$ cat query-v2.txt   # compact mmCIF, C-alpha atoms
# COMPACT_ATOMS: atom_id res chain seq x y z
CA MET A 12 59.19 128.50 105.94
CA ALA A 13 58.51 131.89 107.53
CA VAL A 14 60.80 133.02 110.33
CA ASP A 15 59.25 134.07 113.64
CA LYS A 16 59.97 137.78 113.73
CA TYR A 17 59.47 137.85 117.51
CA ARG A 18 62.13 135.25 118.30
CA GLU A 19 64.60 137.83 119.72
CA VAL A 20 61.98 139.64 121.81
CA ASN A 21 62.60 139.13 125.54
CA PHE A 22 59.16 138.25 126.84
CA ASN A 23 60.53 138.01 130.39
CA VAL A 24 60.42 141.79 130.77
CA LEU A 25 57.40 144.07 130.75
CA PRO A 26 56.10 145.18 127.34
CA SER A 27 56.90 148.77 128.31
CA GLU A 28 60.59 147.76 128.34
CA ARG A 29 60.38 146.13 124.90
CA PHE A 30 58.93 149.13 123.05
CA GLY A 31 55.39 148.04 123.91
CA ILE A 32 55.62 144.81 121.88
CA TYR A 33 53.18 142.17 123.13
CA SER A 34 50.90 139.42 121.88
CA ARG A 35 47.12 139.22 122.21
CA LYS A 36 47.47 135.90 124.01
CA GLU A 37 49.85 137.49 126.48
CA VAL A 38 47.39 140.31 127.28
CA SER A 39 44.46 137.90 127.62
CA THR A 40 46.47 135.65 129.95
CA VAL A 41 47.52 138.56 132.15
CA ILE A 42 43.91 139.81 132.38
CA ARG A 43 42.72 136.38 133.52
CA MET A 44 45.54 136.17 136.08
CA ALA A 45 44.80 139.65 137.43
CA LEU A 46 41.05 138.95 137.63
CA ALA A 47 41.03 135.38 138.89
CA ASP A 48 37.45 135.65 140.21
CA PHE A 49 36.06 137.27 137.06
CA PRO A 50 35.47 134.02 135.08
CA GLU A 51 33.49 132.61 138.01
CA LEU A 52 31.22 135.67 138.07
CA LEU A 53 30.75 135.37 134.33
CA SER A 54 30.00 131.67 134.61
CA ALA A 55 27.23 132.27 137.14
CA THR A 56 25.69 134.89 134.85
CA LEU A 57 25.90 132.71 131.76
CA GLU A 58 24.28 129.82 133.60
CA GLU A 59 21.29 131.98 134.52
CA LEU A 60 21.24 133.48 131.04
CA HIS A 61 20.92 130.05 129.45
CA VAL A 62 17.61 129.48 131.23
CA ILE A 63 16.25 132.90 130.29
CA THR A 64 17.35 132.50 126.68
CA ARG A 65 15.54 129.17 126.35
CA VAL A 66 12.38 130.54 127.93
CA PHE A 67 12.52 133.70 125.83
CA PHE A 68 12.70 131.94 122.47
CA THR A 69 10.14 129.34 123.51
CA GLU A 70 7.48 131.71 124.81
CA THR A 71 7.96 134.95 122.84
CA ALA A 72 5.01 135.26 120.47
CA ASN A 73 6.17 138.60 119.06
CA LYS A 74 8.40 137.56 116.15
CA ALA A 75 10.09 140.96 115.94
CA ALA A 76 10.95 140.82 119.65
CA ALA A 77 12.42 137.34 119.17
CA ILE A 78 14.70 138.62 116.39
CA VAL A 79 15.85 141.54 118.55
CA GLY A 80 16.53 139.06 121.34
CA ASN A 81 18.61 136.96 118.97
CA HIS A 82 20.78 140.03 118.34
CA ALA A 83 21.05 140.92 122.02
CA PHE A 84 21.89 137.47 123.39
CA ASN A 85 24.52 136.85 120.73
CA ASP A 86 26.05 140.29 121.21
CA PHE A 87 26.25 139.76 124.96
CA ASP A 88 28.19 136.57 124.29
CA GLY A 89 30.55 138.57 122.10
CA LEU A 90 30.90 141.23 124.80
CA VAL A 91 32.04 138.60 127.31
CA ASP A 92 34.78 137.41 124.92
CA ALA A 93 35.89 141.00 124.24
CA LEU A 94 36.10 141.84 127.95
CA LEU A 95 38.12 138.71 128.74
CA SER A 96 40.66 139.56 126.03
CA GLY A 97 40.77 143.32 126.56
CA ASP A 98 39.39 143.96 123.06
CA GLY A 99 38.04 147.42 123.84
CA ARG A 100 37.19 148.36 120.26
CA GLY A 101 35.10 145.24 119.83
CA ALA A 102 33.50 145.76 123.25
CA ALA A 103 32.62 149.37 122.38
CA ARG A 104 30.91 148.34 119.14
CA ILE A 105 28.96 145.59 120.91
CA SER A 106 27.94 147.86 123.81
CA ARG A 107 26.68 150.39 121.28
CA SER A 108 24.60 147.69 119.62
CA LEU A 109 23.18 146.52 122.96
CA TYR A 110 21.73 149.99 123.46
CA GLU A 111 20.01 149.76 120.08
CA HIS A 112 18.67 146.29 120.89
CA LEU A 113 17.28 147.57 124.19
CA VAL A 114 15.46 150.45 122.50
CA ASN A 115 14.28 148.34 119.58
CA TYR A 116 12.90 145.66 121.86
CA CYS A 117 10.83 148.24 123.73
CA GLU A 118 9.63 149.67 120.43
CA VAL A 119 8.46 146.44 118.81
CA MET A 120 6.88 145.24 122.06
CA SER A 121 4.87 148.45 122.44
CA SER A 122 3.70 148.93 118.84
CA THR A 123 2.27 146.39 116.42
CA ILE A 124 3.06 148.75 113.53
CA ALA A 125 6.68 148.98 114.65
CA ALA A 126 6.85 145.20 114.92
CA GLU A 127 5.40 144.84 111.43
CA ARG A 128 7.88 147.35 109.99
CA TYR A 129 10.76 145.60 111.74
CA MET A 130 9.89 142.21 110.25
CA ALA A 131 9.13 143.64 106.81
CA HIS A 132 12.60 145.19 106.65
CA SER A 133 14.07 141.70 106.15
CA ALA A 134 13.10 142.12 102.48
CA VAL A 135 15.56 145.05 102.25
CA THR A 136 18.29 142.81 103.66
CA ALA A 137 17.40 140.08 101.18
CA GLU A 138 17.63 142.51 98.26
CA LEU A 139 21.04 143.74 99.41
CA LEU A 140 22.26 140.17 99.73
CA GLY A 141 20.89 139.36 96.27
CA ASN A 142 22.90 142.23 94.82
CA LEU A 143 26.08 141.02 96.51
CA THR A 144 27.63 139.51 93.39
CA HIS A 145 31.20 140.80 93.63
CA GLY A 146 32.33 137.43 95.00
CA LEU A 147 31.23 135.53 91.90
CA PRO A 148 34.50 136.03 89.93
CA HIS A 149 36.32 134.27 92.77
CA LEU A 150 34.23 131.13 92.26
CA LYS A 151 34.68 128.73 89.38
CA GLY A 152 32.55 126.39 87.34
CA VAL A 153 29.55 124.75 88.99
CA GLU A 154 30.17 126.53 92.28
CA GLN A 155 29.90 129.93 90.59
CA LYS A 156 26.78 128.91 88.69
CA ARG A 157 25.07 127.71 91.87
CA GLU A 158 25.92 130.88 93.77
CA ARG A 159 24.69 133.06 90.91
CA SER A 160 21.40 131.15 90.88
CA ARG A 161 21.08 131.36 94.67
CA LEU A 162 21.55 135.13 94.69
CA ALA A 163 19.12 135.62 91.80
CA LYS A 164 16.49 133.52 93.57
CA LEU A 165 17.03 135.40 96.83
CA LYS A 166 16.44 138.71 95.08
CA ARG A 167 13.51 137.42 93.07
CA ASP A 168 11.75 135.92 96.10
CA CYS A 169 12.00 139.10 98.17
CA MET A 170 10.84 141.51 95.49
CA SER A 171 7.11 141.14 96.06
CA ASP A 172 7.42 141.71 99.83
CA LEU A 173 9.80 144.62 99.30
CA LYS A 174 7.47 146.38 96.86
CA SER A 175 4.52 145.89 99.22
CA ALA A 176 6.48 147.29 102.16
CA ILE A 177 7.64 150.36 100.22
CA LEU A 178 4.11 150.94 98.96
CA LYS A 179 2.81 150.77 102.54
CA PHE A 180 5.60 152.56 104.43
CA GLY A 181 7.14 154.86 101.83
CA THR A 182 10.47 155.02 100.00
CA ALA A 183 12.35 155.99 103.18
CA PHE A 184 11.69 152.45 104.41
CA ARG A 185 14.68 151.22 102.44
CA ARG A 186 16.93 153.40 104.59
CA ASP A 187 15.56 152.49 108.04
CA TRP A 188 12.94 150.11 109.36
CA SER A 189 11.64 152.62 111.91
CA SER A 190 9.64 155.75 111.17
CA SER A 191 11.41 157.61 114.01
CA ASN A 192 15.07 158.04 114.85
CA LEU A 193 16.86 156.18 117.63
CA TYR A 194 16.95 159.15 120.01
CA ASP A 195 13.20 159.71 119.80
CA ARG A 196 12.52 156.01 120.30
CA ALA A 197 14.90 155.89 123.25
CA SER A 198 13.34 158.96 124.86
CA LYS A 199 9.85 157.51 124.42
CA HIS A 200 10.86 154.39 126.36
CA GLY A 201 12.83 156.15 129.11
CA TYR A 202 16.36 155.64 127.79
CA GLY A 203 17.04 159.02 126.22
CA ASP A 204 19.44 159.93 129.02
CA LYS A 205 21.76 157.14 127.81
CA TYR A 206 21.90 158.41 124.25
CA ASP A 207 25.12 160.38 124.77
CA ILE A 208 26.83 157.18 125.91
CA TYR A 209 25.66 155.58 122.67
CA ARG A 210 27.10 158.55 120.76
CA LEU A 211 30.42 158.19 122.57
CA LEU A 212 30.67 154.49 121.77
CA SER A 213 29.72 155.27 118.17
CA HIS A 214 32.94 157.25 117.76
CA VAL A 215 34.75 153.92 117.45
CA THR A 216 32.35 152.58 114.81
CA HIS A 217 32.36 155.82 112.80
CA GLY A 218 36.12 156.23 112.96
CA SER A 219 35.93 159.62 114.67
CA CYS A 220 39.17 161.21 115.85
CA GLY A 221 38.36 160.55 119.51
CA GLY A 222 37.51 156.93 118.76
CA VAL A 223 41.17 155.87 119.00
CA MET A 224 41.14 156.25 122.79
CA GLY A 225 43.26 153.56 124.37
CA ASN A 226 45.43 153.10 121.26
CA TYR A 227 46.91 156.58 120.98
CA SER A 228 49.06 158.60 123.36
CA ALA A 229 51.65 161.38 123.49
CA ILE A 230 55.00 160.15 124.86
CA ALA A 231 57.97 162.48 125.26
CA GLY A 232 56.29 165.00 123.00
CA LEU A 233 55.69 162.52 120.17
CA ASN A 234 52.45 160.89 119.07
CA VAL A 235 52.52 157.12 119.57
CA HIS A 236 49.94 154.87 117.89
CA ARG A 237 49.35 151.38 119.22
CA THR A 238 47.65 148.43 117.56
CA GLY A 239 45.98 145.66 119.51
CA PRO A 240 43.76 145.62 122.61
CA SER A 241 42.38 148.97 123.75
CA LEU A 242 42.15 148.40 127.49
CA GLY A 243 40.81 151.87 128.24
CA LEU A 244 37.88 151.27 125.92
CA ALA A 245 37.35 147.81 127.41
CA ALA A 246 36.94 149.31 130.89
CA LEU A 247 34.52 151.92 129.56
CA SER A 248 32.50 149.42 127.54
CA TYR A 249 32.31 146.94 130.43
CA LEU A 250 30.09 149.18 132.51
CA GLU A 251 27.96 150.52 129.70
CA GLY A 252 27.47 147.25 127.84
CA LEU A 253 26.51 145.32 130.95
CA THR A 254 24.15 148.08 132.03
CA PHE A 255 22.39 148.11 128.65
CA PHE A 256 22.04 144.33 128.71
CA ARG A 257 20.76 144.35 132.29
CA ASP A 258 18.10 146.88 131.26
CA PHE A 259 17.21 144.63 128.34
CA ILE A 260 16.66 141.72 130.75
CA LYS A 261 14.59 143.98 133.01
CA GLU A 262 12.36 144.85 130.06
CA ILE A 263 11.89 141.16 129.24
CA GLY A 264 10.75 140.53 132.80
CA ALA A 265 8.40 143.52 132.85
CA ARG A 266 6.91 143.11 129.37
CA GLN A 267 6.70 139.33 129.10
CA GLY A 268 6.40 138.20 132.68
CA VAL A 269 9.60 136.14 132.51
CA GLU A 270 11.19 135.46 135.90
CA THR A 271 14.55 137.25 135.63
CA ARG A 272 15.45 138.00 139.26
CA GLN A 273 18.36 135.57 139.51
CA LEU A 274 19.86 136.71 136.22
CA LEU A 275 19.48 140.35 137.22
CA ALA A 276 21.23 139.61 140.52
CA SER A 277 24.15 138.03 138.61
CA LEU A 278 24.35 140.96 136.21
CA ASN A 279 24.29 143.41 139.12
CA SER A 280 27.20 141.49 140.68
CA LEU A 281 29.13 141.89 137.45
CA ILE A 282 28.35 145.60 137.31
CA ALA A 283 29.46 145.99 140.92
CA TYR A 284 32.73 144.29 139.93
CA TRP A 285 33.50 147.05 137.42
CA PRO A 286 35.89 149.04 139.68
CA THR A 287 38.02 145.91 140.12
CA TYR A 288 38.04 145.24 136.38
CA ARG A 289 38.82 148.88 135.63
CA LEU A 290 41.73 149.05 138.09
CA ALA A 291 43.29 145.81 136.83
CA LEU A 292 43.15 146.97 133.21
CA ARG A 293 44.61 150.36 134.11
CA VAL A 294 47.58 148.63 135.74
CA ILE A 295 48.06 146.31 132.76
CA ASP A 296 47.72 149.19 130.32
CA ARG A 297 50.53 151.11 132.03
CA ARG A 298 52.75 148.06 131.56
CA LEU A 299 51.97 147.93 127.85
CA TRP A 300 52.76 151.49 126.84
CA PRO A 301 56.48 152.03 126.14
CA SER A 302 58.32 154.52 128.30
CA SER A 303 59.73 156.20 125.20
CA PRO A 304 58.51 156.40 121.59
CA PRO A 305 59.50 153.25 119.66
CA PRO A 306 62.15 153.80 116.97
CA SER A 307 60.86 153.87 113.43
CA PRO A 308 61.65 151.28 110.75
CA THR A 309 64.96 152.28 109.20
CA PRO A 310 66.55 151.82 105.75
CA ILE A 311 69.95 150.12 105.97
CA MET A 312 72.55 150.42 103.20
CA ALA A 313 75.18 147.68 103.32
CA LEU A 314 78.51 147.84 101.43
CA TYR A 315 80.08 144.41 100.89
CA PRO A 316 83.82 143.76 100.37
CA ASN A 317 83.26 143.15 96.64
CA GLY A 318 81.87 146.69 96.32
CA ARG A 319 78.24 145.62 95.97
CA ILE A 320 75.61 147.53 97.93
CA ARG A 321 72.39 145.95 99.17
CA TRP A 322 69.48 147.57 100.96
CA PHE A 323 67.58 146.26 103.95
CA TYR A 324 64.44 147.12 105.90
CA TRP A 325 65.39 147.16 109.61
CA GLU A 326 62.80 146.92 112.37
CA PRO A 327 64.76 148.17 115.42
CA THR A 328 62.09 147.19 117.96
CA LEU A 329 62.53 143.55 116.90
CA ASN A 330 66.16 143.75 115.80
CA MET A 331 65.05 141.97 112.63
CA MET A 332 65.60 142.73 108.96
CA LYS A 333 64.28 141.97 105.49
CA ALA A 334 65.97 142.43 102.14
CA ALA A 335 64.60 145.62 100.58
CA ASN A 336 64.31 147.24 97.20
CA PRO A 337 66.62 150.25 96.74
CA PRO A 338 64.84 153.60 97.04
CA PRO A 339 64.23 155.51 93.80
CA GLY A 340 67.27 157.45 92.65
CA SER A 341 69.62 155.63 95.03
CA ASP A 342 72.66 155.59 92.72
CA TRP A 343 74.04 158.88 93.99
CA ILE A 344 73.52 157.80 97.63
CA GLU A 345 75.43 154.56 97.03
CA LYS A 346 78.24 156.41 95.25
CA SER A 347 78.53 158.92 98.10
CA PHE A 348 78.62 156.10 100.65
CA ARG A 349 81.42 154.23 98.84
CA GLU A 350 83.48 157.43 98.75
CA HIS A 351 82.65 158.07 102.40
CA VAL A 352 83.97 154.62 103.40
CA ARG A 353 87.06 154.82 101.16
CA GLY A 354 87.87 158.21 102.66
CA GLY A 355 88.29 156.58 106.06
CA HIS A 356 85.29 158.30 107.59
CA VAL A 357 83.89 155.06 109.01
CA ASP A 358 85.34 153.36 112.10
CA ILE A 359 85.17 149.70 111.02
CA PRO A 360 85.26 147.20 113.91
CA SER A 361 87.83 144.40 113.80
CA ASN A 362 85.23 141.66 114.33
CA MET A 363 83.26 142.15 111.11
CA ASP A 364 83.71 138.45 110.14
CA GLY A 365 82.66 139.06 106.56
CA ARG A 366 79.81 141.40 107.44
CA PRO A 367 79.27 144.46 105.25
CA VAL A 368 79.93 148.03 106.31
CA SER A 369 76.44 149.31 106.92
CA SER A 370 74.70 152.59 107.53
CA ALA A 371 71.24 153.68 108.47
CA VAL A 372 69.97 156.22 105.94
CA GLU A 373 67.68 159.02 106.97
CA ASN A 374 65.36 161.05 104.75
CA THR A 375 64.45 158.08 102.58
CA GLN A 376 62.25 155.01 102.74
CA VAL A 377 62.54 151.42 101.60
CA PHE A 378 60.09 148.53 101.41
CA PRO A 379 60.84 144.81 101.83
CA LYS A 380 61.21 142.76 98.68
CA GLU A 381 58.28 140.57 97.81
CA GLY A 382 58.61 137.23 99.59
CA ALA A 383 61.58 138.38 101.68
CA GLU A 384 62.02 136.55 104.99
CA TRP A 385 62.88 138.06 108.36
CA PHE A 386 66.42 137.47 109.65
CA THR A 387 68.27 138.69 112.71
CA ALA A 388 70.07 142.00 112.36
CA THR A 389 73.25 140.47 113.83
CA ALA A 390 73.76 138.85 110.42
CA ILE A 391 74.52 142.35 109.15
CA PHE A 392 75.60 144.33 112.21
CA PRO A 393 78.74 143.44 114.18
CA PRO A 394 78.19 142.24 117.77
CA GLY A 395 77.50 144.85 120.41
CA PRO A 396 74.81 147.36 121.36
CA LYS A 397 72.56 148.41 118.52
CA PRO A 398 72.93 150.36 116.43
CA GLU A 399 76.76 150.32 116.30
CA ILE A 400 76.72 151.61 112.74
CA SER A 401 77.47 154.81 110.91
CA TRP A 402 74.45 157.06 110.52
CA PHE A 403 74.86 158.30 106.98
CA ASN A 404 72.56 161.14 105.99
CA PRO A 405 73.55 162.27 102.49
CA ARG A 406 71.67 165.07 100.81
CA PRO A 407 72.08 166.12 97.18
CA ASP A 408 73.74 169.45 96.54
CA VAL A 409 71.21 172.20 95.87

$ encode --input "query-v2.txt" --output "structure tokens"
Amino acid sequence: MAVDKYREVNFNVLPSERFGIYSRKEVSTVIRMALADFPELLSATLEELHVITRVFFTETANKAAAIVGNHAFNDFDGLVDALLSGDGRGAARISRSLYEHLVNYCEVMSSTIAAERYMAHSAVTAELLGNLTHGLPHLKGVEQKRERSRLAKLKRDCMSDLKSAILKFGTAFRRDWSSSNLYDRASKHGYGDKYDIYRLLSHVTHGSCGGVMGNYSAIAGLNVHRTGPSLGLAALSYLEGLTFFRDFIKEIGARQGVETRQLLASLNSLIAYWPTYRLALRVIDRRLWPSSPPPSPTPIMALYPNGRIRWFYWEPTLNMMKAANPPPGSDWIEKSFREHVRGGHVDIPSNMDGRPVSSAVENTQVFPKEGAEWFTATAIFPPGPKPEISWFNPRPDV
């Protein structure tokens, strides 16, 4: 049974005082507590959205527009979940997509050729899915045979439509359903001024250097990387994603005559709430970042009374350990450490209680043994502040 590696973390203090360690559930709970009226605003919007969604899919005759709407409504649902949990990276990707859905909806609603191209591009998707056979070796027997047949049929059935589309629209059709790029389409429909926001949000999707905003900071002159919710990106994506979706709903009302006033009013209330959301997340974010750079995982060399030496992987932020494989060429380090201890260079506490004499070793690296379980560092270290151990930093003679 796996040991909970967080069991010694004191969750009664702020994450900043525990090296920034936190759980996703903890962040989500704090967001909901800090923004007690936010779920109610969301609920009112989702209630109005339900009506519009039903009307949209019932009355939209343009099949391409209906598919774009399917994307947009589902992505908005995902945006709500991301904003409630502080998942800024997810929110940025969704907000970026909502801009594309807005532009694409305008395009297919204003051009029958564009709508035809959009629908025809499903054959490209089908061909790609039909070629997706790398999962077959993971299936066995009848299940593998059925999946192989399904993929072959999918590819076979789409081939006629795909060839017709390429013949009609050209070979570039495989690459993109539209004959013009996103910026030109956006400009044509009055949304070109928002393209730079789309580019900014795309930095997350494309893995650009600046796309780590919210999960990267300089603390005390050192670069600190954080995994988990990016609250800075969540605050940014809140405003942009909701604005793109509101514009999408406006276009539905203008182009299809759907009554959207109540939904637009709810969305405008959410957009007006952005300063409150932004401030709350800024406060929470400050409580997450550690005040000093977290200590790095450290190799521990432990000398037992019988002369045996074992190695451990120590995670200081958790005060937890795992048994580790010795680093390559460790014999000379172990020999030097034994001589170091025998020479009386280590102040050994009186309360060792069978624990080994241990030392953190710099300038090397160890990895946990396969299947090793976490255990508390106090099983190795004597009681007291950590680390109360000798810092042994041997270097070979050169």

$ closest_residue --input "query-v2.txt" --among "A:Thr144, A:Thr69, A:Asn192, A:Ser39" --to "A:Leu95" --atoms "all atoms listed in the file"
A:Ser39

$ closest_residue --input "query-v2.txt" --among "A:Ala231, A:Ala76, A:Leu292, A:Val357" --to "A:Glu262" --atoms "all atoms listed in the file"
A:Ala76

$ atom_distance --input "query-v2.txt" --atom1 "atom CA of A:Asp15" --atom2 "atom CA of A:Pro308"
17.6 Å

$ closest_residue --input "query-v2.txt" --among "A:His112, A:Lys199, A:Lys346, A:Arg128" --to "A:Phe180" --atoms "all atoms listed in the file"
A:Arg128

$ closest_residue --input "query-v2.txt" --among "A:Cys169, A:Ala137, A:Leu329, A:Ile208" --to "A:Val20" --atoms "all atoms listed in the file"
A:Leu329

$ closest_residue --input "query-v2.txt" --among "A:Pro305, A:Gly222, A:Gly152, A:Gly80" --to "A:Ile260" --atoms "all atoms listed in the file"
A:Gly80

$ closest_residue --input "query-v2.txt" --among "A:Val153, A:Leu60, A:Met224, A:Met332" --to "A:Arg257" --atoms "all atoms listed in the file"
A:Leu60
